[in-house]
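One structure is given here, and the rest of the page talks about it.
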Amino acid sequence: MTPKSNQPANQSRGDSQPSARKITQLRDAIAAHTAKNSDGSAFIDRELEEAKTPVRKKALGLLNYRARSTQELRGKLLDAEFEAEVIDEVIADLEHSELLNDEKFAHEWVHQRHQRRGKTRLVLDHELADKGIAPGIRAQALEQIDDDDEAALAETLARKKAKKVKRVEDRADYDKELRKIVGVLARRGFGQGMALGIARQALDKRCDELGTEVR
């Protein structure tokens with residue numbers, strides 16, 4: 001039997017309720033950037049604030065579910081059919097509050113997806129570009145991964161795939177298994193030359209374990 005979810009039927013995962021901390025953080029940022037009257041009191045455009053309320057709630061719900069780039073969040077809000085001008089006002093508030101920050105987003109995206117999912121710099125660069133992250137910010141975030149990190153990741157993936165090889169009786173078997181390992185690395189974004197060299201090393205080691213010598 002499928003377990004019942006505690007999530008309301010009319011609420012999607014991307015529309016989770018914003019946390020109290022994020023609401024307070026955003027409120028403080030808005031207050032800090034609110035225009036002032038000549039006597040120093042806050043000038044509040046009531047009509048604009050009323051228009052921003054549902055947009056802000058939607059935006060905070062999306063950010064509470066997971067971090068997003070500015071372009072990604074703007075797209076989600078446009079899809080929800082809010083007015084573009086009001087969306088821009090809300091996004092400005094979120095940027096002032098640091099709840100929306102493309103540099104932090106890119107840095108965390110690279111860190112998590114390299115560590116947890118084994119993504120290469122090439123793949124991560126494409127992913128960040130798709131989310132509208134500027135080239136300079138992408139390059140800075142990708143500096144977290146160096147050539148040694150990439151090589152270690154490729155070796156781990158190649159060894160894991162090679163361990164599944166059960167027999168290599170001749171050159172045809174060897175070439176077939178080698179193509180499979182290279183394919184795994186290529187799909188992760190490793191270059192052909194690097195993938196072939198590391199795949200060959202992993203398969204040769206596996207052949208030694210199996211007691212097979214391929215000429």
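Residue numbers start at 1 in each chain; chains themselves are named A, B, ... in the order of the structure tokens; ligands are numbered from 1 in the order shown.
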* To do: Name all residues at most 12 Å from A:Asp175 (count only C-alpha atoms; drop same-chain ones fewer than 4 positions away) and give them as an MDAnalysis selection string.
  => chainID A and resid 168:171 179:182 196 199:200 203:204 214:215
Could you write out the selected residues, including N, CA, C and O atoms, as a CSV table (one decimal), in the first residue's frame?
```csv
chain,number,residue,atom,x,y,z
A,168,VAL,N,36.1,-12.0,-19.7
A,168,VAL,CA,36.7,-11.4,-20.9
A,168,VAL,C,37.5,-12.5,-21.5
A,168,VAL,O,38.6,-12.8,-21.0
A,169,GLU,N,37.0,-13.1,-22.5
A,169,GLU,CA,37.6,-14.3,-23.0
A,169,GLU,C,38.5,-14.0,-24.2
A,169,GLU,O,39.5,-14.8,-24.5
A,170,ASP,N,38.3,-12.9,-24.9
A,170,ASP,CA,39.1,-12.6,-26.1
A,170,ASP,C,39.0,-11.1,-26.4
A,170,ASP,O,38.4,-10.3,-25.6
A,171,ARG,N,39.7,-10.7,-27.4
A,171,ARG,CA,39.8,-9.3,-27.8
A,171,ARG,C,38.4,-8.7,-28.0
A,171,ARG,O,38.2,-7.5,-27.7
A,179,ARG,N,34.2,-0.3,-24.5
A,179,ARG,CA,33.3,0.7,-25.0
A,179,ARG,C,32.2,1.0,-24.0
A,179,ARG,O,31.8,2.2,-23.9
A,180,LYS,N,31.8,0.1,-23.2
A,180,LYS,CA,30.8,0.3,-22.2
A,180,LYS,C,31.3,1.3,-21.1
A,180,LYS,O,30.6,2.2,-20.7
A,181,ILE,N,32.6,1.0,-20.7
A,181,ILE,CA,33.1,1.9,-19.6
A,181,ILE,C,33.4,3.3,-20.2
A,181,ILE,O,33.1,4.3,-19.5
A,182,VAL,N,33.9,3.4,-21.4
A,182,VAL,CA,34.1,4.7,-22.0
A,182,VAL,C,32.8,5.4,-22.1
A,182,VAL,O,32.7,6.6,-21.9
A,196,LEU,N,39.1,7.2,-22.4
A,196,LEU,CA,39.7,6.0,-22.9
A,196,LEU,C,40.8,5.5,-22.1
A,196,LEU,O,40.9,4.3,-21.8
A,199,ALA,N,39.5,4.3,-18.6
A,199,ALA,CA,38.7,3.1,-18.8
A,199,ALA,C,39.5,1.8,-19.1
A,199,ALA,O,39.3,0.7,-18.6
A,200,ARG,N,40.6,2.0,-19.9
A,200,ARG,CA,41.5,0.9,-20.2
A,200,ARG,C,42.2,0.4,-18.9
A,200,ARG,O,42.4,-0.8,-18.7
A,203,LEU,N,39.7,-1.6,-16.8
A,203,LEU,CA,39.4,-2.9,-17.4
A,203,LEU,C,40.6,-3.8,-17.3
A,203,LEU,O,40.4,-5.0,-17.0
A,204,ASP,N,41.8,-3.3,-17.5
A,204,ASP,CA,43.0,-4.1,-17.4
A,204,ASP,C,43.1,-4.7,-15.9
A,204,ASP,O,43.5,-5.9,-15.8
A,214,VAL,N,44.4,-10.8,-22.2
A,214,VAL,CA,44.0,-10.5,-23.5
A,214,VAL,C,45.1,-10.0,-24.4
A,214,VAL,O,45.8,-9.0,-24.0
A,215,ARG,N,45.3,-10.6,-25.5
A,215,ARG,CA,46.4,-10.2,-26.4
A,215,ARG,C,45.9,-9.3,-27.5
A,215,ARG,O,44.8,-9.4,-27.9
```
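The space between atom CA of A:Gly183 and atom CA of A:Arg206 spans 17.2 Å.
Using only C-alpha atoms, the nearest neighbour of A:Asp93 within the list A:Val123, A:Ile137, A:Val55, A:Ala129 is A:Val55.
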Stretch 125-171 of chain A near stretch 63-72 of chain A within 8 Å: what's each residue's closest atom pair and its distance in Å to one decimal, counting only C-alpha atoms, ordered by chain then ascending residue number, as CSV?
```
residue,atom,partner,partner_atom,distance
A:Lys131,CA,A:Glu72,CA,5.9
A:Gly132,CA,A:Gln71,CA,5.5
A:Ile133,CA,A:Ser69,CA,7.2
```
Go ahead and save the residues from that selection, with N, CA, C and O atoms, as a PDB file, in the first residue's frame.
```pdb
ATOM      1  N   LYS A 131      20.394  27.756 -16.428  1.00  0.00           N
ATOM      2  CA  LYS A 131      19.675  28.462 -15.372  1.00  0.00           C
ATOM      3  C   LYS A 131      19.952  29.961 -15.383  1.00  0.00           C
ATOM      4  O   LYS A 131      19.560  30.679 -14.458  1.00  0.00           O
ATOM      5  N   GLY A 132      20.635  30.405 -16.434  1.00  0.00           N
ATOM      6  CA  GLY A 132      20.832  31.836 -16.606  1.00  0.00           C
ATOM      7  C   GLY A 132      21.974  32.426 -15.811  1.00  0.00           C
ATOM      8  O   GLY A 132      22.051  33.647 -15.646  1.00  0.00           O
ATOM      9  N   ILE A 133      22.892  31.591 -15.329  1.00  0.00           N
ATOM     10  CA  ILE A 133      24.023  32.098 -14.562  1.00  0.00           C
ATOM     11  C   ILE A 133      25.067  32.677 -15.519  1.00  0.00           C
ATOM     12  O   ILE A 133      25.455  32.039 -16.498  1.00  0.00           O
TER      13      ILE A 133
END
```
* Residues at most 12 Å from A:Thr156, counting only C-alpha atoms, excluding those fewer than 3 positions away in the same chain, as a count of residues only? -> 19
* To do: Run DSSP on the backbone and grab whatever in stretch 69-211 of chain A lands in helix (DSSP H, G or I); send it over as an NGL selection string.
  => :A and (70-79 or 84-96 or 102-117 or 121-130 or 135-142 or 147-162 or 171-187 or 192-210)
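Atom CA of A:His111 lies 8.6 Å from atom CA of A:Leu142.
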* To do: Skip A:Arg138 itself and residues of its chain fewer than 6 positions away, then list as JSON, numbers by chain all residues within 8 Å of it, counting only C-alpha atoms.
  => {"A": [106, 125, 128, 129]}
* Asked: atom CA of A:Pro135 to atom CA of A:Ser97: how many Å, to one decimal?
  -> 23.6 Å
* For A:Glu127, which residue among A:Ile91, A:Gly75, A:Trp109, A:Ala158 is the nearest when counting only C-alpha atoms? -> A:Trp109
* Fewer than 4 positions away in the same chain doesn't count, so skip those; otherwise give me all residues within 9 Å of A:Arg121, counting only C-alpha atoms, as a PyMOL selection string. => chain A and resi 110+114+125-126+142-143+145-146+150+189-190
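Comparing the minimum interatomic distances between A:Glu47 and each of A:Ala186, A:Val86, A:Gly191, A:Ala92, counting only C-alpha atoms, we find that A:Val86 sits nearest.
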